[in-house]
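Okay, final.cif is below, mmCIF, C-alpha atoms:
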```cif
data_data
#
loop_
_atom_site.label_atom_id
_atom_site.label_comp_id
_atom_site.auth_asym_id
_atom_site.auth_seq_id
_atom_site.Cartn_x
_atom_site.Cartn_y
_atom_site.Cartn_z
CA MET B 217 135.55 72.94 63.67
CA PRO B 218 133.32 72.13 60.65
CA ILE B 219 130.22 71.56 62.79
CA PHE B 220 130.70 75.00 64.37
CA ASP B 221 130.97 76.56 60.92
CA ARG B 222 127.85 74.74 59.74
CA ILE B 223 125.82 76.00 62.69
CA GLU B 224 127.02 79.56 62.05
CA ARG B 225 126.11 79.28 58.36
CA PHE B 226 122.71 77.92 59.34
CA ILE B 227 122.08 80.90 61.63
CA TYR B 228 123.30 83.64 59.32
CA GLN B 229 123.01 82.31 55.77
CA SER B 230 119.92 80.10 55.60
CA LYS B 231 116.59 81.54 54.52
CA PRO B 232 114.83 83.37 57.37
CA SER B 233 111.79 81.10 57.05
CA ARG B 234 113.99 77.99 57.33
CA LEU B 235 115.88 79.36 60.33
CA ILE B 236 112.68 80.35 62.14
CA ALA B 237 110.85 77.10 61.39
CA ILE B 238 113.71 74.81 62.47
CA ALA B 239 114.64 76.89 65.52
CA LEU B 240 111.03 76.96 66.74
CA ALA B 241 110.61 73.23 66.11
CA ILE B 242 113.70 72.55 68.23
CA SER B 243 112.43 74.94 70.88
CA PHE B 244 109.03 73.24 71.12
CA PHE B 245 110.71 69.81 71.23
CA LYS B 246 112.94 70.98 74.11
CA THR B 247 110.01 72.45 76.02
CA GLY B 248 106.91 70.48 75.19
CA PHE B 249 103.40 71.66 75.97
CA TRP B 250 101.42 71.51 79.18
CA TYR B 251 98.88 73.64 80.95
CA MET B 252 98.82 75.46 84.25
CA PRO B 253 97.45 73.28 87.05
CA ASN B 254 95.10 76.16 87.94
CA LEU B 255 93.75 76.59 84.39
CA ALA B 256 90.50 74.80 85.25
CA ALA B 257 89.93 77.23 88.13
CA ALA B 258 90.56 80.18 85.80
CA TRP B 259 88.01 78.69 83.41
CA VAL B 260 85.41 78.75 86.21
CA ILE B 261 85.91 82.53 86.44
CA SER B 262 85.21 82.88 82.71
CA ARG B 263 81.76 81.34 83.18
CA ASN B 264 80.73 84.56 84.92
CA PRO B 265 83.54 87.11 85.43
CA PHE B 266 81.27 89.35 87.51
CA ARG B 267 81.21 87.17 90.60
CA ASN B 268 83.82 85.48 92.76
CA PRO B 269 83.25 81.72 92.40
CA PHE B 270 85.76 80.74 95.11
CA THR B 271 85.02 80.29 98.79
CA ASP B 272 88.60 79.10 99.33
CA PRO B 273 90.69 82.27 99.81
CA ARG B 274 93.73 80.57 98.27
CA PHE B 275 92.11 80.91 94.83
CA HIS B 276 91.25 84.60 95.04
CA TYR B 277 94.54 85.56 93.37
CA LEU B 278 93.22 84.06 90.13
CA VAL B 279 90.35 86.54 90.02
CA TRP B 280 92.88 89.39 90.01
CA SER B 281 94.08 88.05 86.62
CA TRP B 282 90.64 89.03 85.37
CA PHE B 283 91.21 90.16 81.80
CA SER B 284 91.75 86.75 80.18
CA PRO B 285 88.63 85.10 81.70
CA PHE B 286 86.64 88.23 80.82
CA LEU B 287 87.91 88.15 77.22
CA ALA B 288 87.05 84.43 76.98
CA TRP B 289 83.56 85.23 78.30
CA CYS B 290 83.16 87.98 75.67
CA LEU B 291 84.17 85.53 72.93
CA HIS B 292 81.66 82.92 74.20
CA ILE B 293 84.39 80.38 74.99
CA ARG B 294 82.46 78.02 77.20
CA ASN B 295 84.35 74.71 77.51
CA GLN B 296 87.69 73.99 79.13
CA GLN B 297 89.40 72.68 76.00
CA SER B 298 88.55 75.82 74.04
CA PHE B 299 89.72 77.87 77.02
CA LEU B 300 93.11 76.14 76.82
CA TYR B 301 93.37 76.73 73.04
CA PHE B 302 92.40 80.36 73.58
CA HIS B 303 95.41 80.86 75.87
CA LEU B 304 97.69 78.82 73.60
CA LEU B 305 96.78 81.17 70.74
CA PHE B 306 98.17 84.10 72.76
CA SER B 307 101.34 82.12 73.48
CA PHE B 308 101.88 81.73 69.74
CA ALA B 309 100.98 85.39 69.21
CA PHE B 310 103.67 86.46 71.68
CA THR B 311 106.32 84.38 69.90
CA PHE B 312 105.44 85.49 66.40
CA LEU B 313 104.99 89.11 67.46
CA PHE B 314 108.58 89.15 68.72
CA ILE B 315 109.89 87.52 65.55
CA ALA B 316 107.92 89.78 63.23
CA PHE B 317 109.03 92.87 65.12
CA VAL B 318 112.77 92.13 65.07
CA TRP B 319 112.69 91.26 61.36
CA ARG B 320 110.85 94.47 60.58
CA LYS B 321 112.87 96.68 62.92
CA PHE B 322 116.44 95.41 62.48
CA GLU B 323 118.80 94.45 59.71
CA ASP B 324 118.85 90.77 58.80
CA ARG B 325 121.94 89.82 60.83
CA GLU B 326 120.70 91.63 63.95
CA ALA B 327 117.30 89.97 63.66
CA ARG B 328 118.88 86.51 63.44
CA THR B 329 121.02 87.25 66.50
CA ALA B 330 117.96 88.49 68.41
CA LEU B 331 116.08 85.28 67.55
CA VAL B 332 118.89 83.07 68.92
CA LEU B 333 119.16 85.12 72.12
CA PHE B 334 115.39 85.10 72.58
CA LEU B 335 115.13 81.32 72.25
CA ALA B 336 118.03 80.85 74.68
CA LEU B 337 115.92 82.52 77.39
CA PRO B 338 113.34 80.41 79.28
CA VAL B 339 110.78 83.21 78.87
CA SER B 340 110.54 82.40 75.15
CA THR B 341 108.69 79.15 75.91
CA THR B 342 107.35 79.57 79.43
CA ALA B 343 103.85 80.14 78.02
CA TYR B 344 104.01 76.70 76.34
CA PHE B 345 105.49 74.84 79.29
CA PHE B 346 102.56 76.19 81.33
CA ILE B 347 99.75 77.24 78.98
CA GLY B 348 97.58 79.78 80.72
CA MET B 349 97.47 83.41 81.75
CA ASP B 350 101.16 83.98 80.95
CA GLY B 351 100.55 83.93 77.21
CA ILE B 352 98.35 87.02 77.43
CA THR B 353 100.66 88.69 79.98
CA LEU B 354 103.69 88.27 77.71
CA PHE B 355 101.73 89.26 74.61
CA LEU B 356 100.72 92.54 76.28
CA MET B 357 104.30 93.13 77.49
CA MET B 358 105.53 92.63 73.93
CA MET B 359 102.89 95.06 72.67
CA LEU B 360 104.17 97.63 75.17
CA LEU B 361 107.75 97.08 73.98
CA ILE B 362 106.66 97.62 70.38
CA ALA B 363 104.96 100.87 71.48
CA ARG B 364 108.22 102.32 72.85
CA GLN B 365 108.10 105.21 70.38
CA ARG B 366 104.40 105.86 70.95
CA ALA B 367 103.85 106.65 74.61
CA TRP B 368 100.15 107.34 74.05
CA LEU B 369 99.64 103.68 73.09
CA ALA B 370 101.31 102.50 76.28
CA LEU B 371 98.45 103.84 78.42
CA PRO B 372 95.62 101.61 77.06
CA ILE B 373 97.89 98.58 76.59
CA GLY B 374 99.23 99.07 80.11
CA ALA B 375 95.68 99.22 81.42
CA LEU B 376 94.93 95.82 79.87
CA LEU B 377 98.11 94.44 81.41
CA GLY B 378 97.06 95.91 84.76
CA MET B 379 93.78 94.01 84.52
CA GLN B 380 95.65 90.83 83.53
CA HIS B 381 98.54 90.79 85.99
CA PHE B 382 99.16 94.08 87.76
CA GLU B 383 101.90 92.78 90.08
CA GLN B 384 104.09 91.32 87.36
CA GLY B 385 103.60 94.36 85.13
CA ALA B 386 104.32 96.87 87.90
CA VAL B 387 107.48 95.08 89.00
CA ALA B 388 108.71 94.63 85.41
CA PHE B 389 108.19 98.25 84.36
CA GLY B 390 109.34 99.49 87.75
CA ALA B 391 112.66 97.82 86.91
CA LEU B 392 112.71 99.68 83.59
CA LEU B 393 112.11 102.95 85.45
CA ALA B 394 115.00 102.16 87.81
CA ALA B 395 117.25 101.33 84.83
CA TRP B 396 116.41 104.66 83.15
CA ILE B 397 117.13 106.63 86.34
CA LEU B 398 120.45 104.83 86.81
CA ALA B 399 121.42 105.57 83.20
CA LEU B 400 120.58 109.24 83.79
CA VAL B 401 122.65 109.39 87.01
CA LEU B 402 125.59 107.54 85.48
CA LYS B 403 125.36 109.60 82.25
CA THR B 404 125.19 106.50 80.06
CA GLU B 405 122.98 105.86 77.05
CA ARG B 406 119.25 105.78 77.75
CA LEU B 407 117.78 103.15 75.45
CA TYR B 408 114.14 104.19 75.72
CA ARG B 409 112.07 107.23 76.60
CA ILE B 410 110.95 107.96 80.13
CA ARG B 411 107.52 109.02 78.84
CA TRP B 412 106.95 105.50 77.58
CA VAL B 413 107.85 103.92 80.94
CA LEU B 414 105.72 106.39 82.90
CA ALA B 415 102.78 105.92 80.51
CA SER B 416 103.08 102.14 80.92
CA LEU B 417 103.10 102.42 84.71
CA ALA B 418 100.17 104.85 84.59
CA GLY B 419 98.28 102.39 82.41
CA LEU B 420 99.01 99.54 84.82
CA THR B 421 97.70 101.64 87.71
CA LEU B 422 94.61 102.55 85.69
CA GLY B 423 93.96 98.87 85.00
CA LYS B 424 94.17 98.07 88.69
CA ILE B 425 91.76 100.89 89.51
CA ILE B 426 89.32 99.64 86.87
CA LEU B 427 89.39 96.20 88.47
CA LEU B 428 88.72 97.68 91.91
CA VAL B 429 85.75 99.60 90.53
CA ILE B 430 84.35 96.50 88.79
CA PHE B 431 84.79 94.29 91.85
CA ASN B 432 83.21 96.90 94.10
CA HIS B 433 80.28 97.47 91.73
CA PHE B 434 79.44 93.77 91.51
CA GLY B 435 80.09 93.09 95.19
CA MET B 436 83.01 90.73 94.54
CA HIS B 437 84.72 90.30 97.89
CA LEU B 438 88.37 89.33 97.44
CA ASN B 439 91.44 89.18 99.61
CA SER B 440 94.71 90.80 98.53
CA GLY B 441 95.37 87.99 96.06
CA ARG B 442 99.06 87.32 95.55
CA LEU B 443 100.02 89.27 98.66
CA PHE B 444 97.73 86.94 100.62
CA MET B 445 99.54 83.93 99.09
CA VAL B 446 102.96 85.32 100.01
CA GLN B 447 101.87 86.03 103.57
CA THR B 448 100.33 82.55 103.88
CA TYR B 449 103.18 80.52 102.36
CA LYS B 450 106.24 82.73 102.88
CA ASP B 451 108.07 80.15 105.01
CA MET B 452 107.50 77.38 102.47
CA TYR B 453 108.61 79.59 99.53
CA ALA B 454 111.74 80.63 101.44
CA ASN B 455 112.62 76.98 102.15
CA TRP B 456 112.24 76.05 98.48
CA PHE B 457 114.63 78.82 97.50
CA TYR B 458 117.13 78.09 100.27
CA TYR B 459 117.53 74.42 99.38
CA HIS B 460 117.48 74.80 95.60
CA PHE B 461 118.80 78.31 94.93
CA GLU B 462 121.46 77.20 92.41
CA TYR B 463 118.88 75.55 90.12
CA ILE B 464 116.48 78.45 90.58
CA LEU B 465 119.03 81.17 89.73
CA TRP B 466 120.21 79.27 86.66
CA SER B 467 116.65 78.83 85.43
CA VAL B 468 115.91 82.58 85.34
CA PHE B 469 117.97 83.11 82.17
CA GLY B 470 119.26 79.62 81.38
CA VAL B 471 121.80 79.71 78.54
CA GLY B 472 120.88 83.40 78.29
CA TRP B 473 123.23 84.00 81.24
CA ILE B 474 126.03 84.02 78.62
CA MET B 475 124.33 86.96 76.94
CA VAL B 476 123.92 88.72 80.29
CA ALA B 477 127.62 88.14 81.09
CA LYS B 478 128.61 89.60 77.73
CA TYR B 479 126.50 92.69 78.39
CA ALA B 480 128.11 93.00 81.84
CA ASP B 481 131.52 93.16 80.09
CA GLN B 482 130.70 96.77 79.28
CA GLY B 483 131.37 97.71 82.90
CA LYS B 484 129.82 101.05 83.83
CA LEU B 485 127.68 101.02 80.68
CA ALA B 486 125.90 97.90 81.98
CA VAL B 487 125.23 99.05 85.56
CA HIS B 488 121.82 100.46 84.67
CA PHE B 489 120.77 96.93 83.65
CA LEU B 490 122.61 94.86 86.23
CA ILE B 491 121.33 96.59 89.38
CA PRO B 492 117.59 96.32 88.49
CA ALA B 493 118.14 92.75 87.26
CA CYS B 494 119.73 91.80 90.59
CA GLY B 495 116.95 93.64 92.38
CA LEU B 496 114.36 91.47 90.64
CA MET B 497 116.11 88.34 91.93
CA VAL B 498 115.00 89.37 95.43
CA LEU B 499 111.54 88.09 94.46
CA LEU B 500 112.73 84.49 94.21
CA PRO B 501 112.29 83.52 97.91
CA PHE B 502 108.73 84.90 97.81
CA VAL B 503 107.22 82.95 94.91
CA GLY B 504 106.37 79.30 94.41
CA ASP B 505 106.75 79.11 90.62
CA GLU B 506 110.22 80.59 90.51
CA THR B 507 111.27 80.24 86.86
CA ARG B 508 107.92 81.32 85.52
CA VAL B 509 107.63 84.51 87.58
CA LEU B 510 111.22 85.71 87.19
CA ALA B 511 111.36 84.89 83.47
CA ILE B 512 108.30 87.09 82.94
CA VAL B 513 109.17 90.06 85.17
CA THR B 514 112.71 90.27 83.77
CA PHE B 515 111.54 90.09 80.15
CA PRO B 516 110.84 93.82 79.54
CA LEU B 517 114.20 94.79 81.05
CA VAL B 518 116.13 92.15 79.11
CA ALA B 519 114.25 92.94 75.91
CA ALA B 520 114.73 96.72 76.13
CA CYS B 521 118.42 96.56 77.06
CA LEU B 522 119.62 93.46 75.19
CA LEU B 523 117.23 91.74 72.78
CA LEU B 524 115.94 94.94 71.15
CA ASN B 525 119.16 96.93 71.46
CA PRO B 526 120.71 97.07 67.96
CA GLY B 527 124.05 98.30 69.30
CA PHE B 528 124.38 95.29 71.58
CA LEU B 529 123.22 92.88 68.88
CA ARG B 530 125.85 94.24 66.47
CA SER B 531 128.56 93.85 69.12
CA LEU B 532 128.11 90.07 69.34
CA SER B 533 130.35 88.02 67.10
CA GLY B 534 128.94 85.24 65.00
CA ARG B 535 131.11 82.80 66.93
CA LEU B 536 129.62 83.80 70.28
CA VAL B 537 126.05 83.62 68.98
CA THR B 538 126.84 80.21 67.46
CA ALA B 539 128.22 79.05 70.81
CA ILE B 540 125.04 80.21 72.58
CA PHE B 541 122.90 78.41 70.00
CA GLY B 542 125.00 75.23 70.27
CA ILE B 543 124.89 75.16 74.05
CA TRP B 544 121.16 75.83 73.96
CA LEU B 545 120.73 72.80 71.68
CA ILE B 546 122.26 70.36 74.16
CA VAL B 547 121.36 71.87 77.55
CA PRO B 548 117.98 70.74 78.96
CA TYR B 549 115.25 73.33 79.28
CA PRO B 550 115.70 74.94 82.71
CA TRP B 551 112.51 75.09 84.74
CA VAL B 552 111.99 75.07 88.50
CA PHE B 553 108.59 74.81 90.15
CA ALA B 554 108.19 74.74 93.95
CA GLY B 555 111.96 74.38 94.25
CA LYS B 556 111.92 71.25 92.07
CA PRO B 557 113.83 71.14 88.75
CA LEU B 558 111.56 69.79 86.00
CA GLY B 559 112.38 68.40 82.58
CA SER B 560 110.73 68.86 79.21
CA MET B 561 107.02 68.23 78.85
CA PHE B 562 107.61 66.60 75.45
CA PRO B 563 108.00 62.99 76.78
CA TYR B 564 104.66 63.41 78.56
CA ASN B 565 103.08 64.77 75.39
CA LEU B 566 104.36 61.76 73.46
CA ALA B 567 103.31 59.30 76.17
CA TYR B 568 99.81 60.79 76.16
CA VAL B 569 99.49 60.42 72.37
CA LEU B 570 100.80 56.83 72.43
CA HIS B 571 98.42 56.02 75.28
CA ARG B 572 95.46 57.35 73.30
CA LEU B 573 96.51 55.49 70.13
CA PHE B 574 97.81 52.18 71.46
CA GLY B 575 97.12 52.09 75.19
CA TRP B 576 100.81 52.32 76.04
CA PHE B 577 102.05 53.91 79.28
CA ASN B 578 100.11 54.45 82.47
CA VAL B 579 98.64 57.89 81.88
CA PRO B 580 96.37 59.26 84.62
CA THR B 581 93.19 60.94 83.44
CA ASN B 582 92.45 64.56 84.27
CA SER B 583 95.68 65.03 86.24
CA PRO B 584 97.27 68.44 85.58
CA MET B 585 100.02 67.63 88.10
CA TRP B 586 101.10 64.44 86.30
CA PRO B 587 104.27 65.82 84.63
CA ILE B 588 105.03 67.99 87.66
CA ALA B 589 104.66 65.27 90.31
CA PRO B 590 104.54 61.94 88.40
CA LEU B 591 102.29 59.36 90.00
#
```
Please, can you express the file's structure as structure tokens?
Amino acid sequence: MPIFDRIERFIYQSKPSRLIAIALAISFFKTGFWYMPNLAAAWVISRNPFRNPFTDPRFHYLVWSWFSPFLAWCLHIRNQQSFLYFHLLFSFAFTFLFIAFVWRKFEDREARTALVLFLALPVSTTAYFFIGMDGITLFLMMMLLIARQRAWLALPIGALLGMQHFEQGAVAFGALLAAWILALVLKTERLYRIRWVLASLAGLTLGKIILLVIFNHFGMHLNSGRLFMVQTYKDMYANWFYYHFEYILWSVFGVGWIMVAKYADQGKLAVHFLIPACGLMVLLPFVGDETRVLAIVTFPLVAACLLLNPGFLRSLSGRLVTAIFGIWLIVPYPWVFAGKPLGSMFPYNLAYVLHRLFGWFNVPTNSPMWPIAPL
């Protein structure tokens, strides 16, 4: 198949800069760009991060993602557009940090394989599909993964992650702890040091404590945040999952499920990954933004065991990686929100530009839900 050969040559023989540029361009075309519907509410926090601006208890969970509004406040980012660009910058930083790390850490062929596998996962572009707090969360998770050999660095980075999104960080690194324990029990290879995982979890806990101290000092009265949301909407979340579970499960890894299946081929050697990964799926009936949450909380586990595992990367044939890349090219970006499968944001981006230039299309003004629930 000449086209198959051409794709394989493109992946493994083209200049790294050409591969990265074209692959990212395709990725952004497949995903598009939009912003979190709650980004405006997060911006309100950044006006004064030392008070709770919300009387509606349903918005208290946003205050618990305190670090990004606080950082925006420190940088004197005062308007909503700049606040959006501020978060988009961290989305780009996450992507390029991953790429720079794999090209510095691995041999050329392994780095190219890691790039293809990374782009095949929805997590690679979730912070563009919904620009917002996730860019900083993923950036900090990537920083922690880079610090795997320096446990002392994991403590301060983990603390920042704890102040940004304690729940996602604790669940994600709790899965890494479970994977390490399982590898120890099963006497299989342990791919990272336990000191690093424990330091990360200690940092996350420290970040949460710092938030509690700050909120108490400034008299910021908050409910339990995301736990409050789960308790309030648990029946609705469960119904979304029940009626759309096949779309939701697919969207967690997307085409990356092929990579997961290949890793599972190792049998006993893969149990330490498979059990925590399945355990994380239990979260799906308890969240409203299913793809987004699971893509993020599974990222450290998938990265540590698959994406940043040179032994696994070397075990993948060029043909398999080419097949993953080819399928990724033609399969729509998988994203489920509130049980509803969504398409790419790119047509909405284009419609918005054409509306501004020529008045084409009926584009609602100031409607963050437009691509999610078209009017």
Given the file shown, enumerate the residues that the PyMOL selection byres ((chain B and resi 378) around 10) captures and present them as JSON, numbers by chain.
{"B": [280, 281, 282, 283, 353, 356, 372, 373, 374, 375, 376, 377, 379, 380, 381, 382, 383, 384, 385, 386, 416, 417, 418, 419, 420, 421, 422, 423, 424, 425, 426, 427]}
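By only C-alpha atoms, and with residues fewer than 3 positions from B:Phe302 along its chain excluded, the set lying at most 10 Å from it is Ser284, Leu287, Ala288, Leu291, Ile293, Gln296, Gln297, Ser298, Phe299, Leu305, Phe306, Ser307, Ile347, Gly348, Gly351 and Ile352 of chain B.
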Those selected residues, please, written with C-alpha atoms and delivered as a short mmCIF file (atom, residue, chain, number, x, y, z; two decimals), in the coordinates of the input.
```
data_model
loop_
_atom_site.label_atom_id
_atom_site.label_comp_id
_atom_site.auth_asym_id
_atom_site.auth_seq_id
_atom_site.Cartn_x
_atom_site.Cartn_y
_atom_site.Cartn_z
CA SER B 284 91.75 86.75 80.18
CA LEU B 287 87.91 88.15 77.22
CA ALA B 288 87.05 84.43 76.98
CA LEU B 291 84.17 85.53 72.93
CA ILE B 293 84.39 80.38 74.99
CA GLN B 296 87.69 73.99 79.13
CA GLN B 297 89.40 72.68 76.00
CA SER B 298 88.55 75.82 74.04
CA PHE B 299 89.72 77.87 77.02
CA LEU B 305 96.78 81.17 70.74
CA PHE B 306 98.17 84.10 72.76
CA SER B 307 101.34 82.12 73.48
CA ILE B 347 99.75 77.24 78.98
CA GLY B 348 97.58 79.78 80.72
CA GLY B 351 100.55 83.93 77.21
CA ILE B 352 98.35 87.02 77.43
#
```
Result set of the PyMOL selection byres ((chain B and resi 334) around 12) on the coordinates above, as a JSON list (two decimals) with C-alpha atoms, keeping the file's coordinate frame:
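Contents of the output file part-v7.json:
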```json
[["chain", "number", "residue", "atom", "x", "y", "z"],
["B", 236, "ILE", "CA", 112.68, 80.35, 62.14],
["B", 239, "ALA", "CA", 114.64, 76.89, 65.52],
["B", 240, "LEU", "CA", 111.03, 76.96, 66.74],
["B", 243, "SER", "CA", 112.43, 74.94, 70.88],
["B", 310, "PHE", "CA", 103.67, 86.46, 71.68],
["B", 311, "THR", "CA", 106.32, 84.38, 69.90],
["B", 312, "PHE", "CA", 105.44, 85.49, 66.40],
["B", 314, "PHE", "CA", 108.58, 89.15, 68.72],
["B", 315, "ILE", "CA", 109.89, 87.52, 65.55],
["B", 318, "VAL", "CA", 112.77, 92.13, 65.07],
["B", 327, "ALA", "CA", 117.30, 89.97, 63.66],
["B", 328, "ARG", "CA", 118.88, 86.51, 63.44],
["B", 329, "THR", "CA", 121.02, 87.25, 66.50],
["B", 330, "ALA", "CA", 117.96, 88.49, 68.41],
["B", 331, "LEU", "CA", 116.08, 85.28, 67.55],
["B", 332, "VAL", "CA", 118.89, 83.07, 68.92],
["B", 333, "LEU", "CA", 119.16, 85.12, 72.12],
["B", 335, "LEU", "CA", 115.13, 81.32, 72.25],
["B", 336, "ALA", "CA", 118.03, 80.85, 74.68],
["B", 337, "LEU", "CA", 115.92, 82.52, 77.39],
["B", 338, "PRO", "CA", 113.34, 80.41, 79.28],
["B", 339, "VAL", "CA", 110.78, 83.21, 78.87],
["B", 340, "SER", "CA", 110.54, 82.40, 75.15],
["B", 341, "THR", "CA", 108.69, 79.15, 75.91],
["B", 342, "THR", "CA", 107.35, 79.57, 79.43],
["B", 469, "PHE", "CA", 117.97, 83.11, 82.17],
["B", 470, "GLY", "CA", 119.26, 79.62, 81.38],
["B", 471, "VAL", "CA", 121.80, 79.71, 78.54],
["B", 472, "GLY", "CA", 120.88, 83.40, 78.29],
["B", 473, "TRP", "CA", 123.23, 84.00, 81.24],
["B", 475, "MET", "CA", 124.33, 86.96, 76.94],
["B", 511, "ALA", "CA", 111.36, 84.89, 83.47],
["B", 515, "PHE", "CA", 111.54, 90.09, 80.15],
["B", 518, "VAL", "CA", 116.13, 92.15, 79.11],
["B", 519, "ALA", "CA", 114.25, 92.94, 75.91],
["B", 522, "LEU", "CA", 119.62, 93.46, 75.19],
["B", 523, "LEU", "CA", 117.23, 91.74, 72.78],
["B", 524, "LEU", "CA", 115.94, 94.94, 71.15],
["B", 529, "LEU", "CA", 123.22, 92.88, 68.88],
["B", 537, "VAL", "CA", 126.05, 83.62, 68.98],
["B", 540, "ILE", "CA", 125.04, 80.21, 72.58],
["B", 541, "PHE", "CA", 122.90, 78.41, 70.00],
["B", 544, "TRP", "CA", 121.16, 75.83, 73.96]]
```
Enclosing box along x, y and z for every listed atom of stretch 312-318 of chain B, padded 6 Å each side, centre and size in Å, one decimal, as JSON:
```
{"center_x": 108.9, "center_y": 89.2, "center_z": 66.0, "size_x": 19.8, "size_y": 19.4, "size_z": 17.5}
```
Select all residues near (106.1, 100.0, 68.5) (cut-off 12 Å, inclusive, file coordinates), counting only C-alpha atoms, and output them as a list in words.
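So the residues meeting the distance criterion are Leu313, Phe314, Ala316, Phe317, Val318, Arg320, Lys321, Met357, Met358, Met359, Leu360, Leu361, Ile362, Ala363, Arg364, Gln365, Arg366, Ala367, Trp368, Leu369, Ala370, Ile373, Tyr408, Trp412, Ala520 and Leu524 of chain B.
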If you count only C-alpha atoms, which residues fall within 9 Å of B:Phe345, apart from same-chain ones fewer than 5 positions away, as a ChimeraX atom specification?
/B:247-252,551,560-561
Please, could you write that set of residues out with C-alpha atoms as a JSON list (two decimals), keeping the file's coordinate frame?
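Dumped everything to selection_1.json:
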```
[["chain", "number", "residue", "atom", "x", "y", "z"],
["B", 247, "THR", "CA", 110.01, 72.45, 76.02],
["B", 248, "GLY", "CA", 106.91, 70.48, 75.19],
["B", 249, "PHE", "CA", 103.40, 71.66, 75.97],
["B", 250, "TRP", "CA", 101.42, 71.51, 79.18],
["B", 251, "TYR", "CA", 98.88, 73.64, 80.95],
["B", 252, "MET", "CA", 98.82, 75.46, 84.25],
["B", 551, "TRP", "CA", 112.51, 75.09, 84.74],
["B", 560, "SER", "CA", 110.73, 68.86, 79.21],
["B", 561, "MET", "CA", 107.02, 68.23, 78.85]]
```
Given only C-alpha atoms as the basis, pick out the residue of B:Arg572, B:Arg222, B:Lys478, B:Lys246 nearest to B:Leu532.
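Checking each of B:Arg572, B:Arg222, B:Lys478, B:Lys246 against B:Leu532, counting only C-alpha atoms, the winner is B:Lys478.
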Do you have the atom CA of B:Trp466-atom CA of B:Gln447 distance handy?
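Taking atom CA of B:Trp466 and atom CA of B:Gln447, their separation equals 25.8 Å.
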Proximity check stretch 415-496 of chain B to stretch 394-397 of chain B, 12 Å, nearest pairs one decimal Å, all atoms listed in the file, as a Markdown table:
```
| residue | atom | partner | partner_atom | distance |
| --- | --- | --- | --- | --- |
| B:Leu485 | CA | B:Ala395 | CA | 11.2 |
| B:Ala486 | CA | B:Ala395 | CA | 9.7 |
| B:Val487 | CA | B:Ala395 | CA | 8.3 |
| B:His488 | CA | B:Ala395 | CA | 4.7 |
| B:Phe489 | CA | B:Ala395 | CA | 5.8 |
| B:Leu490 | CA | B:Ala395 | CA | 8.5 |
| B:Ile491 | CA | B:Ala395 | CA | 7.7 |
| B:Pro492 | CA | B:Ala395 | CA | 6.2 |
| B:Ala493 | CA | B:Ala395 | CA | 9.0 |
| B:Cys494 | CA | B:Ala395 | CA | 11.4 |
| B:Gly495 | CA | B:Ala394 | CA | 9.9 |
| B:Leu496 | CA | B:Ala394 | CA | 11.1 |
```
For C-alpha atoms, I'd like the residues from the last selection saved as a PDB file, in the frame of the given file.
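Saved as out_26.pdb:
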```
ATOM      1  CA  LEU B 485     127.680 101.020  80.680  1.00  0.00           C
ATOM      2  CA  ALA B 486     125.900  97.900  81.980  1.00  0.00           C
ATOM      3  CA  VAL B 487     125.230  99.050  85.560  1.00  0.00           C
ATOM      4  CA  HIS B 488     121.820 100.460  84.670  1.00  0.00           C
ATOM      5  CA  PHE B 489     120.770  96.930  83.650  1.00  0.00           C
ATOM      6  CA  LEU B 490     122.610  94.860  86.230  1.00  0.00           C
ATOM      7  CA  ILE B 491     121.330  96.590  89.380  1.00  0.00           C
ATOM      8  CA  PRO B 492     117.590  96.320  88.490  1.00  0.00           C
ATOM      9  CA  ALA B 493     118.140  92.750  87.260  1.00  0.00           C
ATOM     10  CA  CYS B 494     119.730  91.800  90.590  1.00  0.00           C
ATOM     11  CA  GLY B 495     116.950  93.640  92.380  1.00  0.00           C
ATOM     12  CA  LEU B 496     114.360  91.470  90.640  1.00  0.00           C
TER      13      LEU B 496
END
```
Enter the distance from atom CA of B:Ile543 to atom CA of B:Gly555, in Å, rounded to one decimal.
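Distance between the two atoms: 24.0 Å.
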Evaluate the PyMOL selection byres ((chain B and resi 534) around 10) and report residues as a PyMOL selection string:
chain B and resi 221+224-225+227-228+325+329+530-533+535-540
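Atom CA of B:Arg274 is positioned 20.9 Å from atom CA of B:Thr507.
Across B:Arg294, B:Phe322, B:Phe562, B:Leu573, the tightest approach to B:Ala241 is made by B:Phe562 when counting all atoms listed in the file.
Distances here use only C-alpha atoms; by that measure, the residue among B:Leu300, B:Leu517, B:Val279, B:Leu414 closest to B:Arg267 is B:Val279.
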When distances are computed from all atoms listed in the file, which of B:Pro273, B:Pro253, B:Pro265, B:Gly542 shows the smallest separation from B:Phe286?
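That would be B:Pro265, the residue with the smallest distance to B:Phe286.
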Of B:Asn582, B:Asn565, B:Ser230, B:Asn295, the one sitting nearest B:Ser262 when using all atoms listed in the file is B:Asn295
Near stretch 452-461 of chain B, within 9 Å and counting all atoms listed in the file, which residues show up once chain neighbours fewer than 4 positions away are dropped, as a PyMOL selection string?
chain B and resi 446+448+465-466+500-504+506+552+554-557
Taking only C-alpha atoms into account, name the residue in B:Phe220, B:Tyr463, B:Phe308, B:Phe244 that is nearest to B:Pro563.
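Nearest candidate to B:Pro563 out of B:Phe220, B:Tyr463, B:Phe308, B:Phe244: B:Phe244.
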